[in-house]
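All remarks here apply to the structure that follows.
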Amino acid sequence: MIKVVVADDQTTIREALALMLDLFDDFEVVGAAADGAEAVRLVAEHGADVVLMDLRMPGTDGVAATVRLRQEHPETRVVVLTTYSDDADVLAGLRAGAIGYLTKDATRNQIAQAIRAAAEGTSVLDPEVSRKLLAAAGEAPAAYAGELPDGLSTREAEVLTLIAAGLANREIAARLFVTEATVKSHINRLFAKIGVTDRAQAVRYAYRHGLAAPE
């Protein structure tokens, strides 16, 4: 069972999300929080695996709560679920340490998929969020023009750029005319080289090193 805490300041949304998640056999909602501080407390009390976190809440907001969780309970993953997908919110959430980011337009199954992925240490980003990140990357340096950082091969850099563009493994495989197994091997190697453990961290690395750029 994946233990989940839901954090949202709107009672109706909070209760609806909790009821929805309880319908899945592999989820156990162990707490519902009206703000970030309560979310942190509930994680400490119940040892939650994943927090489904709104960003804009009174008092301790979702960004501050995510920072605290990464510091105090690093084994707990945070998936942002918010109405907002503007650049500032997206970047703030991911920089705070969220492993996934969805808007409230996401379907029931998309939310469940993101929670399961987070529990396994992998990331799910809403397509609109990926586009926002690509737009934000326009402020980053131009594509790396010399030796690739951390010993990345050209193909590994290509895979990293496609991850940053929001493509799933199957889409990357189709783009590069290779198998999904080959893509997974490239990802495992490049993650080891750049010292990251999930796609959200890899996206931030790509922007920081100029390996991602807007279309």
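Following the order of the structure tokens, chains are lettered A, B, ..., residues in each are numbered from 1, and ligands are numbered from 1.
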Requested in this report: Please run DSSP on the backbone and report, as a ChimeraX atom specification, all residues within range 20-133 of chain A that come out as strand (DSSP E or B).
Outcome: /A:27-33,50-53,77-82,100-103,125
Requested in this report: Using only C-alpha atoms, determine which residues lie at most 12 Å from Leu167 in chain A, disregarding the query and same-chain residues fewer than 4 positions distant; provide the list as a VMD selection string.
Outcome: chain A and resid 123 to 127 130 to 131 158 to 163 171 to 176 183 199 203
**Report entry** Nearby residues (only C-alpha atoms) at most 12 Å from Ala192 in chain A, same-chain spacing under 6 positions excluded, as a count of residues only
**Finding:** 8
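In this comparison, which uses only C-alpha atoms, the residue of A:Arg56, A:Lys3, A:Arg70, A:Arg170 approaching Leu42 in chain A most closely is A:Lys3.
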Report summary line: Across A:Asn169, A:Gln201, A:Thr82, A:Thr11, the smallest distance to Ile187 in chain A, with only C-alpha atoms counted, is shown by A:Asn169
Requested in this report: Assign secondary structure with DSSP using the backbone only, and return the residues of range 14-54 of chain A in helix (DSSP H, G or I) as a list in words.
Outcome: Arg14, Glu15, Ala16, Leu17, Ala18, Leu19, Met20, Leu21, Asp22, Gly36, Ala37, Glu38, Ala39, Val40, Arg41, Leu42, Val43, Ala44, Glu45 and His46 of chain A
Query - Nearest candidate to Leu102 in chain A (options A:Leu52, A:Arg68, A:Leu19, A:Gly31; using only C-alpha atoms) - result: A:Leu52
Requested in this report: Would you list the contacts of Thr83 in chain A as a PyMOL selection string, taking every protein, DNA or RNA residue within 10 Å and counting only C-alpha atoms, but skipping same-chain residues closer than 5 positions in sequence?
Outcome: chain A and resi 54-56+102-105
Query raised in the report: Between CA of Ala37 in chain A and CA of Arg77 in chain A, what is the spacing in Å?
Result: 15.8 Å
Query raised in the report: If we count only C-alpha atoms, what is near Ala39 in chain A at a cut-off of 10 Å, once residues fewer than 2 positions away on the same chain are taken out, given as a list in words?
Result: Val5, Val6, Ala7, Asp8, Gly31, Ala32, Ala33, Ala34, Asp35, Gly36, Ala37, Arg41, Leu42, Val43, Ala44, Glu45, Ala48, Val51, Leu52, Met53, Thr60, Gly62, Ala65, Thr66 and Leu69 of chain A
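Residues surrounding Met1 in chain A within 9 Å are Asp25, Asp26, Phe27 and Glu28 of chain A [only C-alpha atoms; sequence separation below 4 positions excluded].
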Report task. Would you mind reading off the distance between CA of Val67 in chain A and CA of Ala96 in chain A, one decimal, in Å? Result -> 5.1 Å
